[in-house]
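First up is the structure itself, then whatever we jot down about it.
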Amino acid sequence: MIDIKLLQNDFEIVSNLLKRKKVDVSLLESLKNKLNDTKIKRQEMESIQALQNSLSSQFGAYKKEGKDTISLKNEIDGLKEKRTILENEVQVEEKELETILLAIPNIPNEDVPYGASEDENIVLEKILTPKEFDFTPKEHWEIGENLGIIDFERGVKLAKSRFSALSGIGARLERALINYFLDFNRERGFQEWYVPFMANTNTLIGTGQLPKFEEDLFKIEGEDLYLIPTAEVQLTNLFNDEILTAEQLPLLLTSYTPCFRKEAGSAGRDTRGMIRQHQFDKVELVAITKPEQSTEIFQKMVECASDLLTSLELPHQKVQLCTGDLGFGAAVTIDLEVWLPGQGKYREISSISNTNDFQARRAKIRYKEDKKNLLCHTLNGSSLAVGRTLVAILENHQQADGTIKIPEVLTKYM
């Protein structure tokens, strides 16, 4: 959630930055009006409270001087009644203001390049050169079906479309990748966690999935629980409504979870294969830092995910997202896109974001320094999407005879 004081003091500046993220102008006007209405109501209530306190302090003098206090009491009672009415109105205004604020995305950092869509994202660096094949490379679904390790038909039979089942070496490779990712991240200083695969409403509000993206979540009927869309939700909210010490920061965390997404709005996109599934495995990186630490940790997380791809001999590129392609909670994002020779293009496999204090304000994650409670910065990133990594290994390491060469770093896990 963005800072109300910042909005009140620099509304035009903040408004212009939010427009870069394609925030509806009418929503911003509604926010501006609600801020003003709430401020006026609160000032009126505080004025009445001050007058009431002033009059109340005169009781002693009235009694000492033998004056009639009935009219004074009546005036104070009238002010109390007005104040109570205004208090209720202020509570309503503040609730409505909070509802609007929860729908407003994070402010992009000023150095994030301006752009209207993903077409204006900037490729920062390419790592490893895509292999030249002496045969026409196949796409992963054909490879997987030929080897008998990916079963799309049975996945659909068990659930519905956009589900798949892995067997044999395919299932073992999925498990090997999860273990390798966790070990790799742990060696880079990230503490491993195992967390619930379900989250409550308050938790999802904390990281920004609710109320904005409810239609993309799988809700548990009759419970205040949702299947998680990413481990970012759980790792970040481990410290929901807590005050950490400055010495504890930065906290570097990693976890494996399955992720569940309805993929609302993705009709017709990646309908074949494992690129866009309702359920997929992912290993996540999360950091909770002091503000002055977050830029350095952001780069550390990008390098961690990139080095992981390099160790798997997978060509990829780092992409700076422009303002028009930034996610709801992100202030700055770098995507890693892996080369898929079967498709002949780079596809997203990781997205690393610094949310600054946006999530920390929503989730009340603070730290104490110099006797002050200050908001943390939170960061998150995929390290990596396991299914997409499996896809990339199948396509990049396919051999002419239809077999797959397993990257050397995975052999001990296989």
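Ordered as shown in the structure tokens, chains take letters A, B, and onward, while each chain numbers its residues from 1 and ligands are numbered from 1 in the order shown.
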Write out as CSV a residue-level contact list of range 356-384 of chain A versus range 106-118 of chain A with cut-off 12 Å: for each qualifying residue the closest pair of atoms and the distance in Å to one decimal, counting only C-alpha atoms, rows sorted by chain and residue number upward.
residue,atom,partner,partner_atom,distance
A:Asn356,CA,A:Asn106,CA,8.7
A:Asp357,CA,A:Asn106,CA,9.1
A:Phe358,CA,A:Asn106,CA,6.2
A:Gln359,CA,A:Asn106,CA,8.9
A:Ala360,CA,A:Asn106,CA,11.7
A:Arg361,CA,A:Asn106,CA,11.1
A:Arg362,CA,A:Asn106,CA,11.2
Proximity of range 5-93 of chain A to range 324-328 of chain A: per-residue shortest pair, 12 Å limit, only C-alpha atoms, as a tab-separated table:
residue	atom	partner	partner_atom	distance
A:Leu17	CA	A:Gly324	CA	10.8
A:Leu18	CA	A:Gly324	CA	9.8
A:Lys19	CA	A:Gly324	CA	9.0
A:Arg20	CA	A:Gly324	CA	6.1
A:Lys21	CA	A:Gly324	CA	4.9
A:Lys22	CA	A:Gly324	CA	6.4
A:Val23	CA	A:Gly324	CA	9.6
Write out as a count of residues only which residues come within 9 Å of Leu374 in chain A when counting only C-alpha atoms, dropping same-chain ones fewer than 6 positions away. 6
Please list as a list of chain:residue names every residue within 6 Å of range 198-213 of chain A, counting only C-alpha atoms and excluding residues in the same chain fewer than 3 positions away.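 Contacts, with the query itself left out: A:Ala103, A:Asp216, A:Asp224, A:Leu225, A:Tyr226, A:Leu227, A:Ile228, A:Val233, A:Gln359, A:Arg362, A:Ala363.
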So that I can see what lies close to range 395-406 of chain A, please list as a PyMOL selection string the residues with an atom at most 12 Å from it, counting only C-alpha atoms and leaving out residues fewer than 6 positions away in the same chain. chain A and resi 128-149+169-170+172-173+176-177+309+311-316+338-346+388-389+412-414
Fewer than 4 positions away in the same chain doesn't count, so skip those; otherwise give me all residues within 9 Å of range 45-62 of chain A, counting only C-alpha atoms, as a PyMOL selection string. chain A and resi 40-41+66-69+72-73+75-77+79-80+82-84+86-87+90
File of the preceding selection, N, CA and C atoms, as an mmCIF file, in the first residue's frame:
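Printed below is out.cif as written:
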data_model
loop_
_atom_site.group_PDB
_atom_site.id
_atom_site.type_symbol
_atom_site.label_atom_id
_atom_site.label_comp_id
_atom_site.auth_asym_id
_atom_site.auth_seq_id
_atom_site.Cartn_x
_atom_site.Cartn_y
_atom_site.Cartn_z
ATOM 1 N N ILE A 40 -10.982 16.663 5.713
ATOM 2 C CA ILE A 40 -11.913 17.689 6.189
ATOM 3 C C ILE A 40 -12.730 17.177 7.377
ATOM 4 N N LYS A 41 -13.248 15.945 7.264
ATOM 5 C CA LYS A 41 -14.045 15.357 8.348
ATOM 6 C C LYS A 41 -13.210 15.223 9.623
ATOM 7 N N GLY A 66 -19.327 30.009 41.509
ATOM 8 C CA GLY A 66 -20.750 29.885 41.809
ATOM 9 C C GLY A 66 -21.636 30.078 40.592
ATOM 10 N N LYS A 67 -21.094 29.895 39.403
ATOM 11 C CA LYS A 67 -21.889 30.059 38.172
ATOM 12 C C LYS A 67 -22.717 28.813 37.883
ATOM 13 N N ASP A 68 -23.793 29.027 37.136
ATOM 14 C CA ASP A 68 -24.653 27.915 36.712
ATOM 15 C C ASP A 68 -23.926 27.095 35.647
ATOM 16 N N THR A 69 -23.791 25.781 35.888
ATOM 17 C CA THR A 69 -23.060 24.909 34.940
ATOM 18 C C THR A 69 -23.986 24.154 33.992
ATOM 19 N N LEU A 72 -23.513 25.168 30.384
ATOM 20 C CA LEU A 72 -22.197 24.692 29.946
ATOM 21 C C LEU A 72 -22.243 23.194 29.652
ATOM 22 N N LYS A 73 -22.932 22.456 30.578
ATOM 23 C CA LYS A 73 -23.053 21.003 30.374
ATOM 24 C C LYS A 73 -23.844 20.691 29.107
ATOM 25 N N GLU A 75 -24.083 22.503 26.448
ATOM 26 C CA GLU A 75 -23.249 22.810 25.277
ATOM 27 C C GLU A 75 -22.223 21.688 25.035
ATOM 28 N N ILE A 76 -21.630 21.194 26.128
ATOM 29 C CA ILE A 76 -20.646 20.099 26.005
ATOM 30 C C ILE A 76 -21.325 18.828 25.503
ATOM 31 N N ASP A 77 -22.514 18.519 26.020
ATOM 32 C CA ASP A 77 -23.250 17.328 25.566
ATOM 33 C C ASP A 77 -23.580 17.428 24.078
ATOM 34 N N LEU A 79 -21.819 19.047 21.853
ATOM 35 C CA LEU A 79 -20.556 18.826 21.132
ATOM 36 C C LEU A 79 -20.196 17.339 21.103
ATOM 37 N N LYS A 80 -20.449 16.641 22.230
ATOM 38 C CA LYS A 80 -20.180 15.198 22.277
ATOM 39 C C LYS A 80 -20.989 14.460 21.217
ATOM 40 N N LYS A 82 -22.237 15.690 18.419
ATOM 41 C CA LYS A 82 -21.695 16.018 17.089
ATOM 42 C C LYS A 82 -20.412 15.239 16.817
ATOM 43 N N ARG A 83 -19.557 15.176 17.864
ATOM 44 C CA ARG A 83 -18.286 14.474 17.694
ATOM 45 C C ARG A 83 -18.513 12.987 17.409
ATOM 46 N N THR A 84 -19.473 12.382 18.102
ATOM 47 C CA THR A 84 -19.765 10.958 17.893
ATOM 48 C C THR A 84 -20.225 10.700 16.463
ATOM 49 N N LEU A 86 -19.531 12.560 13.864
ATOM 50 C CA LEU A 86 -18.370 12.752 12.988
ATOM 51 C C LEU A 86 -17.383 11.586 13.079
ATOM 52 N N GLU A 87 -17.205 11.032 14.271
ATOM 53 C CA GLU A 87 -16.312 9.875 14.434
ATOM 54 C C GLU A 87 -16.789 8.712 13.562
ATOM 55 N N VAL A 90 -16.074 9.594 9.970
ATOM 56 C CA VAL A 90 -14.641 9.462 9.675
ATOM 57 C C VAL A 90 -14.266 7.995 9.505
#
Sel. of strand (DSSP E or B) residues, range 78-221 of chain A, as a list in words: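 Everything in range 78-221 of chain A that counts as strand (DSSP E or B) is Ile122, Val123, Leu124, Glu125, Lys126, Ile127, Ile150, Asp151, Ala165, Leu166, Gln191, Glu192, Trp193, Met198, Ala199 and Lys219 of chain A.
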File of the preceding selection, N, CA and C atoms, as a short mmCIF file (atom, residue, chain, number, x, y, z; two decimals), in the first residue's frame:
data_model
loop_
_atom_site.label_atom_id
_atom_site.label_comp_id
_atom_site.auth_asym_id
_atom_site.auth_seq_id
_atom_site.Cartn_x
_atom_site.Cartn_y
_atom_site.Cartn_z
N ILE A 122 13.44 -3.72 -21.89
CA ILE A 122 14.81 -3.56 -22.37
C ILE A 122 15.64 -4.79 -22.01
N VAL A 123 16.26 -5.40 -23.03
CA VAL A 123 17.17 -6.52 -22.79
C VAL A 123 18.49 -5.96 -22.27
N LEU A 124 18.86 -6.35 -21.05
CA LEU A 124 20.07 -5.83 -20.41
C LEU A 124 21.31 -6.66 -20.76
N GLU A 125 21.13 -7.97 -20.85
CA GLU A 125 22.29 -8.85 -21.04
C GLU A 125 21.83 -10.21 -21.53
N LYS A 126 22.62 -10.82 -22.39
CA LYS A 126 22.37 -12.20 -22.82
C LYS A 126 23.48 -13.07 -22.25
N ILE A 127 23.10 -14.20 -21.66
CA ILE A 127 24.06 -15.11 -21.04
C ILE A 127 24.00 -16.46 -21.74
N ILE A 150 5.84 -37.19 -20.02
CA ILE A 150 4.80 -36.20 -19.77
C ILE A 150 3.50 -36.73 -20.35
N ASP A 151 2.47 -36.79 -19.52
CA ASP A 151 1.17 -37.31 -19.96
C ASP A 151 0.12 -36.21 -19.79
N ALA A 165 0.61 -34.71 -16.03
CA ALA A 165 1.20 -35.68 -15.12
C ALA A 165 2.58 -36.07 -15.64
N LEU A 166 3.54 -36.20 -14.74
CA LEU A 166 4.89 -36.61 -15.09
C LEU A 166 5.13 -38.02 -14.57
N GLN A 191 17.92 -18.92 3.74
CA GLN A 191 17.47 -19.93 4.69
C GLN A 191 16.26 -20.68 4.13
N GLU A 192 16.31 -22.00 4.19
CA GLU A 192 15.22 -22.80 3.63
C GLU A 192 14.05 -22.88 4.60
N TRP A 193 12.83 -22.75 4.06
CA TRP A 193 11.59 -22.89 4.83
C TRP A 193 10.67 -23.87 4.12
N MET A 198 -1.62 -23.23 1.69
CA MET A 198 -2.85 -22.44 1.73
C MET A 198 -2.59 -21.18 2.55
N ALA A 199 -3.34 -20.12 2.23
CA ALA A 199 -3.17 -18.84 2.94
C ALA A 199 -4.53 -18.22 3.20
N LYS A 219 -10.23 -20.65 -4.35
CA LYS A 219 -10.78 -20.48 -2.99
C LYS A 219 -11.25 -21.82 -2.44
#
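Counting only C-alpha atoms, the residue from A:Asn74, A:Ile275, A:Ile100, A:Leu336 that sits nearest to Thr310 in chain A is A:Leu336.
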Could you pull out the helix (DSSP H, G or I) residues of range 161-266 of chain A from DSSP and send them as a ChimeraX atom specification? /A:169-187,201-207,214-216,231-237,246-248
Mind writing the picked residues with C-alpha atoms as a PDB file, in the first residue's frame?
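Once everything was written out, this is out_35.pdb:
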ATOM      1  CA  ILE A 169      12.469 -39.893 -15.459  1.00  0.00           C
ATOM      2  CA  GLY A 170      10.161 -36.882 -15.905  1.00  0.00           C
ATOM      3  CA  ALA A 171       8.954 -37.100 -12.298  1.00  0.00           C
ATOM      4  CA  ARG A 172      12.515 -37.710 -11.069  1.00  0.00           C
ATOM      5  CA  LEU A 173      13.818 -34.710 -13.025  1.00  0.00           C
ATOM      6  CA  GLU A 174      11.131 -32.481 -11.470  1.00  0.00           C
ATOM      7  CA  ARG A 175      12.150 -33.645  -7.997  1.00  0.00           C
ATOM      8  CA  ALA A 176      15.857 -33.302  -8.798  1.00  0.00           C
ATOM      9  CA  LEU A 177      15.385 -29.695  -9.911  1.00  0.00           C
ATOM     10  CA  ILE A 178      13.550 -28.781  -6.704  1.00  0.00           C
ATOM     11  CA  ASN A 179      16.307 -30.250  -4.527  1.00  0.00           C
ATOM     12  CA  TYR A 180      19.072 -28.688  -6.614  1.00  0.00           C
ATOM     13  CA  PHE A 181      17.442 -25.233  -6.540  1.00  0.00           C
ATOM     14  CA  LEU A 182      17.025 -25.323  -2.751  1.00  0.00           C
ATOM     15  CA  ASP A 183      20.611 -26.448  -2.200  1.00  0.00           C
ATOM     16  CA  PHE A 184      21.922 -23.798  -4.609  1.00  0.00           C
ATOM     17  CA  ASN A 185      19.981 -21.032  -2.867  1.00  0.00           C
ATOM     18  CA  ARG A 186      21.001 -22.243   0.586  1.00  0.00           C
ATOM     19  CA  GLU A 187      24.668 -22.047  -0.435  1.00  0.00           C
ATOM     20  CA  THR A 201      -7.322 -13.461   3.489  1.00  0.00           C
ATOM     21  CA  ASN A 202      -5.121 -11.303   5.709  1.00  0.00           C
ATOM     22  CA  THR A 203      -1.985 -13.018   4.397  1.00  0.00           C
ATOM     23  CA  LEU A 204      -2.975 -12.474   0.762  1.00  0.00           C
ATOM     24  CA  ILE A 205      -3.849  -8.829   1.424  1.00  0.00           C
ATOM     25  CA  GLY A 206      -0.371  -8.416   2.927  1.00  0.00           C
ATOM     26  CA  THR A 207       1.435  -9.243  -0.312  1.00  0.00           C
ATOM     27  CA  GLU A 214      -9.174 -12.687  -6.287  1.00  0.00           C
ATOM     28  CA  GLU A 215     -10.462 -14.026  -9.601  1.00  0.00           C
ATOM     29  CA  ASP A 216      -7.094 -15.702 -10.238  1.00  0.00           C
ATOM     30  CA  ALA A 231       5.564 -19.024  -1.951  1.00  0.00           C
ATOM     31  CA  GLU A 232       6.223 -15.263  -1.890  1.00  0.00           C
ATOM     32  CA  VAL A 233       2.884 -14.947  -0.066  1.00  0.00           C
ATOM     33  CA  GLN A 234       3.916 -17.232   2.787  1.00  0.00           C
ATOM     34  CA  LEU A 235       7.593 -16.321   3.111  1.00  0.00           C
ATOM     35  CA  THR A 236       6.885 -12.583   3.245  1.00  0.00           C
ATOM     36  CA  ASN A 237       3.992 -12.941   5.680  1.00  0.00           C
ATOM     37  CA  ALA A 246      17.850  -3.965  12.733  1.00  0.00           C
ATOM     38  CA  GLU A 247      20.464  -6.661  13.449  1.00  0.00           C
ATOM     39  CA  GLN A 248      18.192  -9.379  11.999  1.00  0.00           C
TER      40      GLN A 248
END
Could you state the separation of CA of Phe280 in chain A and CA of Leu384 in chain A in Å, given to one decimal place?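 Separating CA of Phe280 in chain A from CA of Leu384 in chain A is a distance of 11.2 Å.
Taking only C-alpha atoms into account, Ile104 in chain A lies nearest to A:Ser26 out of the set A:Ser26, A:Thr378, A:Thr230, A:Ser383.
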Quick one: pull the distance between CA of Arg154 in chain A and CA of Gly268 in chain A, Å, one decimal. 20.8 Å
